[in-house]
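Below is the file protein.cif, which contains mmCIF, C-alpha atoms and all ligand atoms.
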data_run
loop_
_atom_site.label_atom_id
_atom_site.label_comp_id
_atom_site.auth_asym_id
_atom_site.auth_seq_id
_atom_site.Cartn_x
_atom_site.Cartn_y
_atom_site.Cartn_z
CA MET A 1 0.00 0.00 0.00
CA LEU A 2 3.08 2.20 -0.04
CA THR A 3 4.09 2.98 -3.59
CA LEU A 4 7.32 4.65 -4.65
CA ARG A 5 5.60 8.03 -4.90
CA LEU A 6 4.06 7.84 -1.42
CA TYR A 7 7.40 6.68 -0.03
CA PHE A 8 9.12 9.61 -1.72
CA ALA A 9 6.53 12.10 -0.43
CA GLN A 10 7.00 10.80 3.10
CA ARG A 11 10.81 11.01 2.98
CA LEU A 12 10.69 14.47 1.40
CA THR A 13 8.31 15.83 4.05
CA ALA A 14 10.54 14.32 6.76
CA ILE A 15 13.49 16.24 5.32
CA ILE A 16 11.42 19.43 5.29
CA MET A 17 10.19 18.92 8.86
CA ALA A 18 13.60 18.27 10.42
CA PRO A 19 14.96 21.86 10.24
CA LEU A 20 11.50 23.32 10.91
CA THR A 21 11.21 21.27 14.12
CA LEU A 22 14.63 22.47 15.24
CA GLY A 23 13.65 26.07 14.45
CA HIS A 24 10.41 25.65 16.37
CA LEU A 25 12.26 24.27 19.43
CA VAL A 26 14.88 27.02 19.40
CA VAL A 27 12.23 29.75 19.19
CA MET A 28 10.23 28.03 21.95
CA ILE A 29 13.21 27.96 24.30
CA TYR A 30 14.01 31.57 23.44
CA ALA A 31 10.39 32.68 23.79
CA VAL A 32 9.72 31.21 27.26
CA GLN A 33 12.69 33.09 28.80
CA ASP A 34 10.41 35.96 29.93
CA GLY A 35 7.37 33.80 30.61
CA LEU A 36 4.85 32.78 28.01
CA SER A 37 1.87 34.99 27.23
CA VAL A 38 -0.63 35.16 24.40
CA ALA A 39 0.19 38.82 23.87
CA GLU A 40 3.89 38.08 23.51
CA ILE A 41 3.36 35.28 21.01
CA LEU A 42 0.91 37.26 18.93
CA ALA A 43 3.19 40.28 18.96
CA ARG A 44 5.81 38.14 17.28
CA THR A 45 3.61 36.35 14.78
CA ARG A 46 0.86 38.81 13.79
CA GLY A 47 1.26 40.19 10.33
CA SER A 48 4.48 38.27 9.76
CA VAL A 49 4.88 36.70 6.34
CA THR A 50 7.99 34.89 7.62
CA TRP A 51 6.11 33.06 10.39
CA PHE A 52 3.24 32.38 8.02
CA LEU A 53 5.63 30.69 5.59
CA PHE A 54 7.53 28.92 8.39
CA TYR A 55 4.47 27.36 10.05
CA GLY A 56 2.53 27.14 6.79
CA SER A 57 5.15 24.84 5.27
CA PHE A 58 5.29 22.95 8.56
CA VAL A 59 1.55 22.29 8.39
CA LEU A 60 1.79 21.18 4.78
CA ALA A 61 4.63 18.77 5.51
CA VAL A 62 2.97 17.40 8.65
CA ALA A 63 -0.33 16.82 6.87
CA VAL A 64 1.28 14.84 4.04
CA HIS A 65 3.66 12.95 6.34
CA ALA A 66 1.01 12.01 8.90
CA ALA A 67 -1.57 11.02 6.28
CA ILE A 68 0.89 8.56 4.70
CA GLY A 69 2.10 7.24 8.08
CA LEU A 70 -1.44 6.67 9.37
CA ARG A 71 -2.33 5.04 6.04
CA VAL A 72 0.33 2.40 6.66
CA ILE A 73 -0.71 1.86 10.27
CA ILE A 74 -4.42 1.42 9.64
CA SER A 75 -3.75 -0.78 6.65
CA GLU A 76 -1.32 -3.07 8.49
CA TRP A 77 -3.08 -3.13 11.85
CA LEU A 78 -6.75 -2.93 10.89
CA GLY A 79 -6.60 -4.48 7.42
CA VAL A 80 -8.19 -1.46 5.71
CA ARG A 81 -7.52 -1.56 1.95
CA GLY A 82 -8.60 -0.15 -1.40
CA VAL A 83 -11.06 2.73 -1.63
CA MET A 84 -11.55 2.93 2.14
CA LEU A 85 -7.81 3.29 2.63
CA SER A 86 -7.54 6.10 0.07
CA PHE A 87 -10.57 7.83 1.56
CA PHE A 88 -9.04 7.64 5.03
CA SER A 89 -5.67 8.99 3.81
CA TRP A 90 -7.24 11.93 2.01
CA ALA A 91 -9.52 12.66 4.99
CA VAL A 92 -6.52 12.84 7.35
CA LEU A 93 -4.69 15.10 4.89
CA VAL A 94 -7.63 17.49 4.51
CA LEU A 95 -8.37 17.53 8.26
CA LEU A 96 -4.78 18.33 9.23
CA LEU A 97 -4.47 20.94 6.48
CA PHE A 98 -7.69 22.58 7.65
CA LEU A 99 -6.90 22.57 11.39
CA GLY A 100 -3.25 23.52 10.98
CA GLY A 101 -3.87 26.02 8.21
CA ARG A 102 -6.59 27.75 10.22
CA ALA A 103 -4.36 28.02 13.29
CA VAL A 104 -1.44 29.43 11.29
CA TRP A 105 -3.70 31.88 9.50
CA MET A 106 -5.25 33.15 12.72
CA VAL A 107 -1.95 33.85 14.49
CA THR A 108 -0.21 35.36 11.46
CA LEU A 109 -2.00 37.01 8.58
CA ALA A 110 -5.67 37.01 9.65
CA GLY A 111 -5.43 40.60 10.87
CA GLY A 112 -3.65 41.77 7.74
CA LEU A 113 0.00 42.55 7.06
CA GLN A 114 2.03 44.81 9.30
CA MET B 1 26.84 -37.03 24.78
CA VAL B 2 23.09 -36.80 25.30
CA ASP B 3 21.45 -39.43 27.48
CA THR B 4 19.51 -41.76 25.17
CA GLU B 5 17.06 -42.54 27.97
CA THR B 6 15.60 -39.03 27.85
CA PHE B 7 12.64 -38.14 25.68
CA LEU B 8 11.53 -35.01 23.90
CA ASP B 9 7.94 -33.78 24.18
CA VAL B 10 7.22 -32.86 20.60
CA SER B 11 4.03 -31.01 19.59
CA ILE B 12 3.43 -31.27 15.87
CA TRP B 13 0.75 -29.40 13.93
CA ARG B 14 -1.67 -31.84 12.32
CA ASP B 15 -4.08 -30.51 9.74
CA GLN B 16 -6.24 -32.37 7.23
CA GLY B 17 -8.40 -29.85 5.47
CA GLY B 18 -8.79 -27.20 8.13
CA ASP B 19 -9.03 -29.18 11.41
CA GLY B 20 -5.63 -27.88 12.55
CA HIS B 21 -4.41 -28.74 16.05
CA PHE B 22 -1.21 -29.77 17.84
CA GLU B 23 -0.59 -33.42 18.72
CA THR B 24 2.09 -34.43 21.18
CA TYR B 25 4.58 -37.25 20.62
CA GLN B 26 7.37 -38.69 22.77
CA VAL B 27 10.58 -38.93 20.76
CA PRO B 28 13.83 -40.39 22.12
CA ARG B 29 16.54 -37.80 22.37
CA LEU B 30 19.74 -38.63 20.49
CA ALA B 31 23.11 -37.02 20.03
CA ASN B 32 23.40 -34.59 17.10
CA GLN B 33 19.70 -34.90 16.29
CA THR B 34 18.15 -32.38 13.92
CA ILE B 35 14.55 -31.16 13.90
CA LEU B 36 14.07 -33.01 10.61
CA ASP B 37 15.31 -36.21 12.34
CA VAL B 38 12.64 -35.71 15.01
CA VAL B 39 9.87 -35.23 12.46
CA SER B 40 11.08 -38.25 10.45
CA TRP B 41 11.20 -40.38 13.63
CA VAL B 42 7.55 -39.57 14.36
CA GLN B 43 6.58 -40.41 10.78
CA GLN B 44 8.58 -43.66 10.76
CA HIS B 45 7.74 -44.94 14.26
CA ILE B 46 4.41 -43.44 15.32
CA ASP B 47 2.28 -42.11 12.46
CA PRO B 48 3.13 -42.78 8.80
CA THR B 49 0.42 -40.36 7.69
CA LEU B 50 2.38 -37.35 8.96
CA SER B 51 3.18 -35.13 5.94
CA TYR B 52 6.23 -32.91 5.64
CA ARG B 53 8.72 -31.90 2.97
CA PHE B 54 12.43 -32.40 2.60
CA ALA B 55 14.84 -33.46 -0.14
CA CYS B 56 18.55 -32.84 0.27
CA ARG B 57 18.98 -32.93 4.09
CA VAL B 58 22.13 -30.82 3.73
CA GLY B 59 20.79 -27.27 3.48
CA MET B 60 20.81 -26.99 -0.30
CA CYS B 61 17.27 -27.47 -1.58
CA GLY B 62 15.29 -25.15 0.70
CA SER B 63 12.30 -27.49 1.04
CA CYS B 64 12.35 -28.38 4.76
CA ALA B 65 11.54 -25.08 6.46
CA MET B 66 9.09 -25.14 9.38
CA MET B 67 8.26 -23.11 12.48
CA VAL B 68 10.17 -24.51 15.44
CA ASN B 69 9.20 -23.14 18.85
CA GLY B 70 7.62 -20.20 17.03
CA GLU B 71 10.62 -19.35 14.84
CA PRO B 72 11.22 -20.24 11.17
CA ARG B 73 14.11 -22.68 10.64
CA TRP B 74 15.62 -24.94 7.99
CA THR B 75 14.94 -28.12 9.90
CA CYS B 76 17.58 -30.35 8.29
CA ARG B 77 20.35 -28.08 9.55
CA THR B 78 18.84 -27.10 12.90
CA HIS B 79 20.10 -29.15 15.81
CA VAL B 80 17.60 -29.96 18.54
CA LYS B 81 20.01 -28.73 21.19
CA LYS B 82 20.08 -25.31 19.59
CA VAL B 83 16.32 -24.68 19.87
CA VAL B 84 14.89 -27.08 22.48
CA VAL B 85 13.31 -25.53 25.58
CA GLU B 86 13.08 -27.83 28.62
CA ASP B 87 12.90 -30.93 26.42
CA CYS B 88 9.91 -29.49 24.54
CA LEU B 89 9.61 -28.74 20.84
CA GLU B 90 6.69 -27.20 18.98
CA ILE B 91 6.84 -27.85 15.23
CA ALA B 92 4.38 -26.10 12.92
CA PRO B 93 4.06 -25.30 9.21
CA LEU B 94 5.75 -22.14 7.92
CA ARG B 95 4.00 -18.91 8.82
CA ASN B 96 2.42 -16.66 6.16
CA LEU B 97 1.63 -19.51 3.74
CA PRO B 98 -1.53 -21.63 3.39
CA VAL B 99 -1.30 -25.13 4.88
CA ILE B 100 -1.95 -28.05 2.53
CA LYS B 101 -1.58 -30.81 5.12
CA ASP B 102 0.22 -31.08 8.47
CA LEU B 103 3.64 -29.45 7.97
CA VAL B 104 3.31 -28.95 4.21
CA VAL B 105 2.51 -25.44 3.01
CA ASP B 106 1.49 -24.23 -0.41
CA MET B 107 4.52 -22.37 -1.80
CA ASP B 108 2.64 -20.94 -4.80
CA PRO B 109 1.97 -17.49 -3.29
CA PHE B 110 5.67 -17.26 -2.40
CA PHE B 111 6.87 -18.01 -5.94
CA ASP B 112 4.06 -16.03 -7.61
CA LYS B 113 5.58 -13.00 -5.90
CA TRP B 114 9.00 -13.75 -7.41
CA VAL B 115 7.33 -13.49 -10.81
CA ALA B 116 5.44 -10.34 -9.76
CA ALA B 117 8.72 -8.74 -8.63
CA ASN B 118 10.27 -9.48 -12.07
CA ALA B 119 12.80 -11.55 -10.16
CA VAL B 120 13.46 -13.48 -13.34
CA PHE B 121 16.46 -13.01 -15.63
CA GLU B 122 15.67 -11.14 -18.88
CA PRO B 123 18.44 -11.95 -21.35
CA SER B 124 19.92 -9.14 -23.40
CA ARG B 125 21.73 -11.51 -25.80
CA THR B 126 20.85 -14.67 -27.64
CA ARG B 127 22.65 -18.02 -27.55
CA ASP B 128 24.40 -17.05 -30.80
CA ASP B 129 26.11 -14.04 -29.23
CA PRO B 130 29.43 -14.40 -27.40
CA MET B 131 29.41 -14.80 -23.61
CA ALA B 132 29.28 -11.53 -21.66
CA PRO B 133 32.45 -11.38 -19.58
CA ILE B 134 31.85 -10.44 -15.92
CA THR B 135 34.94 -10.47 -13.76
CA PRO B 136 34.78 -11.38 -10.06
CA ASP B 137 36.02 -7.91 -9.11
CA ASP B 138 33.31 -6.12 -11.12
CA PRO B 139 31.61 -3.76 -8.58
CA MET B 140 28.09 -4.80 -9.63
CA ARG B 141 29.06 -8.46 -9.42
CA ILE B 142 30.36 -7.90 -5.88
CA VAL B 143 27.03 -6.35 -4.83
CA ALA B 144 25.11 -9.20 -6.49
CA ASP B 145 27.32 -11.72 -4.68
CA GLY B 146 25.91 -10.60 -1.34
CA ALA B 147 22.38 -11.56 -2.40
CA ILE B 148 22.90 -14.56 -4.61
CA GLU B 149 23.12 -17.61 -2.33
CA CYS B 150 19.36 -17.87 -1.74
CA ILE B 151 17.91 -21.40 -1.52
CA ASN B 152 14.24 -20.27 -1.80
CA CYS B 153 13.40 -21.73 1.59
CA ALA B 154 10.86 -18.99 2.54
CA VAL B 155 12.25 -18.75 6.08
CA CYS B 156 12.56 -14.97 5.62
CA TYR B 157 9.03 -14.80 4.19
CA ALA B 158 7.72 -16.56 7.31
CA ALA B 159 9.71 -14.22 9.56
CA CYS B 160 8.40 -11.03 7.95
CA ASP B 161 5.65 -9.18 9.86
CA VAL B 162 4.88 -6.99 6.85
CA VAL B 163 4.03 -10.09 4.80
CA ALA B 164 1.68 -11.08 7.64
CA ALA B 165 0.06 -7.63 7.72
CA ASN B 166 -0.06 -6.90 3.99
CA PRO B 167 -0.88 -9.85 1.73
CA GLU B 168 0.23 -7.86 -1.32
CA TYR B 169 3.77 -7.37 -0.05
CA LEU B 170 6.27 -9.15 -2.31
CA GLY B 171 8.42 -10.14 0.66
CA PRO B 172 12.15 -10.35 1.37
CA ALA B 173 13.13 -13.30 -0.86
CA ALA B 174 11.57 -12.04 -4.10
CA LEU B 175 12.91 -8.53 -3.53
CA ASN B 176 16.34 -9.87 -2.66
CA ARG B 177 16.38 -11.77 -5.94
CA SER B 178 15.25 -8.66 -7.82
CA TRP B 179 18.15 -6.76 -6.31
CA SER B 180 20.67 -9.37 -7.43
CA LEU B 181 19.26 -8.98 -10.98
CA VAL B 182 19.37 -5.18 -10.79
CA ASN B 183 23.12 -5.75 -10.39
CA ASP B 184 23.34 -8.11 -13.36
CA SER B 185 24.76 -6.09 -16.26
CA ARG B 186 23.56 -8.73 -18.76
CA ASP B 187 19.90 -8.24 -17.81
CA ALA B 188 17.62 -6.30 -20.17
CA GLY B 189 14.55 -5.97 -17.93
CA GLN B 190 15.67 -3.27 -15.48
CA ALA B 191 13.01 -0.64 -16.19
CA GLN B 192 10.14 -3.13 -15.82
CA ARG B 193 11.80 -4.59 -12.73
CA LEU B 194 12.11 -1.22 -10.96
CA HIS B 195 8.51 -0.54 -11.92
CA ALA B 196 7.39 -3.92 -10.54
CA VAL B 197 9.05 -3.37 -7.15
CA SER B 198 7.59 0.16 -6.86
CA ALA B 199 3.89 -0.79 -6.90
CA GLY B 200 1.51 -1.22 -3.96
CA GLY B 201 3.18 -4.36 -2.59
CA GLY B 202 6.70 -3.28 -3.46
CA CYS B 203 9.98 -2.69 -1.65
CA HIS B 204 8.85 0.61 -0.11
CA ASN B 205 6.62 -1.28 2.33
CA CYS B 206 9.61 -2.84 4.12
CA HIS B 207 10.07 -1.56 7.69
CA SER B 208 13.79 -2.43 7.68
CA GLN B 209 13.63 -4.25 11.03
CA GLN B 210 15.59 -7.21 9.70
CA SER B 211 13.65 -10.26 10.91
CA CYS B 212 14.42 -11.69 7.48
CA ALA B 213 18.15 -11.19 7.93
CA LYS B 214 18.04 -12.56 11.47
CA PHE B 215 16.51 -15.86 10.37
CA CYS B 216 17.93 -16.39 6.86
CA PRO B 217 19.83 -19.67 7.23
CA ASN B 218 22.33 -18.62 4.57
CA GLU B 219 23.04 -15.39 6.41
CA LEU B 220 21.83 -13.22 3.54
CA ASN B 221 20.53 -9.77 4.34
CA PRO B 222 17.36 -9.11 2.32
CA THR B 223 16.89 -5.83 4.22
CA LEU B 224 20.11 -4.53 2.68
CA SER B 225 18.96 -5.66 -0.78
CA ILE B 226 15.61 -3.95 -0.26
CA SER B 227 17.32 -0.71 0.76
CA GLY B 228 19.30 -1.00 -2.49
CA LEU B 229 16.01 -1.29 -4.40
CA LYS B 230 14.63 1.74 -2.55
CA ARG B 231 17.68 3.76 -3.64
CA ALA B 232 17.56 2.50 -7.22
CA THR B 233 13.82 3.23 -7.61
CA LEU B 234 14.21 6.68 -6.04
CA LYS B 235 17.06 7.46 -8.43
CA SER B 236 14.97 6.40 -11.40
CA LEU B 237 12.06 8.53 -10.15
CA LEU B 238 14.32 11.57 -9.89
CA ARG B 239 16.15 10.57 -13.10
CA TRP B 240 19.51 10.77 -11.35
CA ASP B 241 20.67 7.83 -13.36
CA ARG B 242 19.81 9.22 -16.78
S1 LIG C 1 13.29 -6.00 7.01
FE1 LIG C 1 11.62 -5.79 5.51
S2 LIG C 1 11.54 -7.70 4.37
FE2 LIG C 1 12.82 -8.05 6.21
S3 LIG C 1 11.38 -8.89 7.74
FE3 LIG C 1 11.42 -6.67 8.04
S4 LIG C 1 9.76 -5.84 6.73
FE4 LIG C 1 10.14 -7.97 6.09
S1 LIG C 2 16.78 -15.07 1.49
FE1 LIG C 2 17.50 -16.61 2.97
S2 LIG C 2 15.67 -17.09 4.19
FE2 LIG C 2 14.97 -16.06 2.35
S3 LIG C 2 14.43 -17.68 0.91
FE3 LIG C 2 16.57 -17.07 0.48
S4 LIG C 2 17.83 -18.43 1.72
FE4 LIG C 2 15.74 -18.61 2.52
S1 LIG C 3 16.14 -30.74 3.19
FE1 LIG C 3 17.11 -29.52 1.68
S2 LIG C 3 17.49 -27.66 2.77
FE2 LIG C 3 16.69 -28.98 4.31
#
When written as structure tokens, how does the structure in this file appear?
Amino acid sequence: MLTLRLYFAQRLTAIIMAPLTLGHLVVMIYAVQDGLSVAEILARTRGSVTWFLFYGSFVLAVAVHAAIGLRVIISEWLGVRGVMLSFFSWAVLVLLLFLGGRAVWMVTLAGGLQ
Amino acid sequence: MVDTETFLDVSIWRDQGGDGHFETYQVPRLANQTILDVVSWVQQHIDPTLSYRFACRVGMCGSCAMMVNGEPRWTCRTHVKKVVVEDCLEIAPLRNLPVIKDLVVDMDPFFDKWVAANAVFEPSRTRDDPMAPITPDDPMRIVADGAIECINCAVCYAACDVVAANPEYLGPAALNRSWSLVNDSRDAGQAQRLHAVSAGGGCHNCHSQQSCAKFCPNELNPTLSISGLKRATLKSLLRWDR
């Protein structure tokens, strides 16, 4: 149920996520130095195209990576195959894109550019 | 020297058309006894209807594989003392293949997957052409060497959890054979082969946890071969090799 293309997409998104995860951790450690508040986070992210692109690509990579990973797990553990398996994979992709995309949009560009 | 007065408690899977169950037999323990000796003793002294397969008895033909105490083994070359647990043995047909009778499994699905993986030589010359010279130090030949000594015993296939979870998966032996052919410079079927191992049941489903390599009686490493196929297919997708 993993074809060459799915395998490639999963490896590629892993490569994309690795530096983004490191960046996310570094910023987190830096950001909590003076305590963590909503105002502080939003002050950094609101209107920022950079953070929109940073977390936007993160969400894209996570959605693809997780959809393929869960596809393997539910196929191997629950025996789901064929159309149901494709439906499940696409549903996970769309759900993660929607939830993640909405969150990124709200904390970055929803209020317009600065 | 093992005491000939001691006995082994041997549970053997008996199955005639779907009524599968273990039956227990007492078998005298002998020095240097193999699992195949134990099975043969039961067939010769207790129940002549017990069915099992073997041919060469020297680890060449690959026909005698069975599950012994839950692990796949070539039974003609597996000494009882290596696998026995408190004088008990449990002998069952190979995992991941349909049982025909008792310890005999249907190997068709196993070999069908060799064909599906294009693990068959496609000649690039005819018998009228001169022999293609391949020297022992040819780099491709050296890679192929690592995969070539397979006896088609299906021990790796029985050890593979991905085969158990995904009936489409081509499995370690077929993919290992494909990899040895990918490294055969005389072969003319490379594009179709890479295509065949890239489909839904192909090499990309392998989890690389090496059960196959752990149990292969010839100490081959199908996981390594499969990682070679993953690289080769990825290269052909990205056209690195063109
Ligand atoms: S390494 Fe791959 S082929 Fe070998 S047992 Fe694991 S999943 Fe199967
Ligand atoms: S790779 Fe090893 S375990 Fe698998 S069929 Fe060949 S010899 Fe047997
Ligand atoms: S009987 Fe031939 S390999 Fe065991």
Select residues of chain B: the criterion is any atom within 10 Å of an atom of chain A, counting only C-alpha atoms; output as a list in words.
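Interface list for chain B against chain A: Asp161, Val162, Val163, Ala164, Ala165, Asn166, Pro167, Glu168, Tyr169, Leu194, His195, Val197, Ser198, Ala199, Gly200, Gly201, Gly202, Cys203, His204, Asn205, Cys206, Lys230, Thr233, Leu234, Leu237 and Leu238 of chain B.
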Which one of B:Asn218, B:Ser211, B:Gln190, B:Ser51 sits closest to ligand LIG 3 (chain C) if you count only C-alpha atoms and all ligand atoms?
B:Asn218
Contacts of ligand LIG 1 (chain C), 10 Å or closer, only C-alpha atoms and all ligand atoms, given as a PyMOL selection string
chain B and resi 156-165+169-176+203-216+221-227
Can you build me a table of chain B residues sitting at most 10 Å from ligand LIG 3 (chain C), with the closest atom pair per residue and its distance in Å to one decimal, using all atoms listed in the file, sorted by chain and residue number, as a Markdown table?
| residue | atom | partner | partner_atom | distance |
| --- | --- | --- | --- | --- |
| B:Leu36 | CA | C:LIG3 | FE2 | 7.9 |
| B:Arg53 | CA | C:LIG3 | S1 | 7.5 |
| B:Phe54 | CA | C:LIG3 | S1 | 4.1 |
| B:Ala55 | CA | C:LIG3 | S1 | 4.5 |
| B:Cys56 | CA | C:LIG3 | FE1 | 3.9 |
| B:Arg57 | CA | C:LIG3 | S1 | 3.7 |
| B:Val58 | CA | C:LIG3 | FE1 | 5.6 |
| B:Gly59 | CA | C:LIG3 | S2 | 3.4 |
| B:Met60 | CA | C:LIG3 | S2 | 4.6 |
| B:Cys61 | CA | C:LIG3 | FE1 | 3.9 |
| B:Gly62 | CA | C:LIG3 | S2 | 3.9 |
| B:Ser63 | CA | C:LIG3 | FE1 | 5.3 |
| B:Cys64 | CA | C:LIG3 | FE2 | 4.4 |
| B:Ala65 | CA | C:LIG3 | FE2 | 6.8 |
| B:Met66 | CA | C:LIG3 | FE2 | 9.9 |
| B:Arg73 | CA | C:LIG3 | FE2 | 9.3 |
| B:Trp74 | CA | C:LIG3 | FE2 | 5.6 |
| B:Thr75 | CA | C:LIG3 | FE2 | 5.9 |
| B:Cys76 | CA | C:LIG3 | FE2 | 4.3 |
| B:Arg77 | CA | C:LIG3 | FE2 | 6.5 |
| B:Thr78 | CA | C:LIG3 | FE2 | 9.1 |
| B:Ile151 | CA | C:LIG3 | S2 | 7.6 |
| B:Asn152 | CA | C:LIG3 | S2 | 9.3 |
| B:Cys153 | CA | C:LIG3 | S2 | 7.3 |
| B:Pro217 | CA | C:LIG3 | S2 | 9.4 |
Separating atom CA of B:Ile100 from atom CA of B:Ile12, to the nearest tenth of an Å, is a gap of 14.7 Å
Test item: residues at most 12 Å from stretch 23-38 of chain A, only C-alpha atoms, excluding those fewer than 4 positions along its chain, as a count of residues only:
14
Can you measure atom CA of B:Trp13 to atom CA of B:Lys101 for me? One decimal in Å is fine.
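That distance, rounded to one decimal, is 9.2 Å.
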For A:Gly111, please output as a list in words all residues within 7 Å (counting all atoms listed in the file; exclusion window: fewer than 2 positions along the same chain).
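Here the answer would be Gly47, Leu109 and Leu113 of chain A.
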Where is the centre and how long are the edges: axis-aligned box on ligand LIG 2 (chain C), 5 Å on each side, Å to one decimal, as JSON:
{"center_x": 16.1, "center_y": -16.8, "center_z": 2.3, "size_x": 13.4, "size_y": 13.5, "size_z": 13.7}
Write out as a ChimeraX atom specification each polymer residue whose atoms come within 8 Å of B:Ile148, counting only C-alpha atoms; drop sequence neighbours fewer than 4 positions from it.
/B:144,177,180
Around (16.2, -25.2, 21.3) in the file's own coordinates, what residues are found within 12 Å if you use all atoms listed in the file, given back as an NGL selection string?
:B and (8 or 10 or 33-35 or 68-71 or 73 or 75 or 78-91)
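Residue nearest ligand LIG 2 (chain C) within the list B:Gly146, B:Pro136, B:Gly189, B:Pro93: B:Gly146 [criterion: smallest interatomic distance, all atoms listed in the file].
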For atom CA of B:Asp9 and atom CA of B:Gln26, quote the distance in Å rounded to one decimal.
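Atom CA of B:Gln26 lies 5.1 Å from atom CA of B:Asp9.
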For B:Asp108, work out the shell of residues within 10 Å, counting only C-alpha atoms and skipping chain neighbours fewer than 6 positions away, then give it as a PyMOL selection string.
chain B and resi 97-98+114
What's around B:Arg125 at 10 Å? Count only C-alpha atoms, leave out sequence neighbours fewer than 3 positions away in its own chain, and write the answer as a tab-separated table (two decimals) with C-alpha atoms, keeping the file's coordinate frame.
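What landed in around-v1.tsv:
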chain	number	residue	atom	x	y	z
B	122	GLU	CA	15.67	-11.14	-18.88
B	128	ASP	CA	24.40	-17.05	-30.80
B	129	ASP	CA	26.11	-14.04	-29.23
B	130	PRO	CA	29.43	-14.40	-27.40
B	131	MET	CA	29.41	-14.80	-23.61
B	132	ALA	CA	29.28	-11.53	-21.66
B	186	ARG	CA	23.56	-8.73	-18.76
B	187	ASP	CA	19.90	-8.24	-17.81
B	188	ALA	CA	17.62	-6.30	-20.17
Nearest-residue call for ligand LIG 2 (chain C), choices B:Gly20, B:Pro72, B:Pro48, B:Pro28, using only C-alpha atoms and all ligand atoms
B:Pro72
Which of these residues is nearest to A:Arg102, using only C-alpha atoms: A:Ala9, A:Ile15, A:Leu60, A:Thr50?
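Closest to A:Arg102 of all the choices is A:Leu60.
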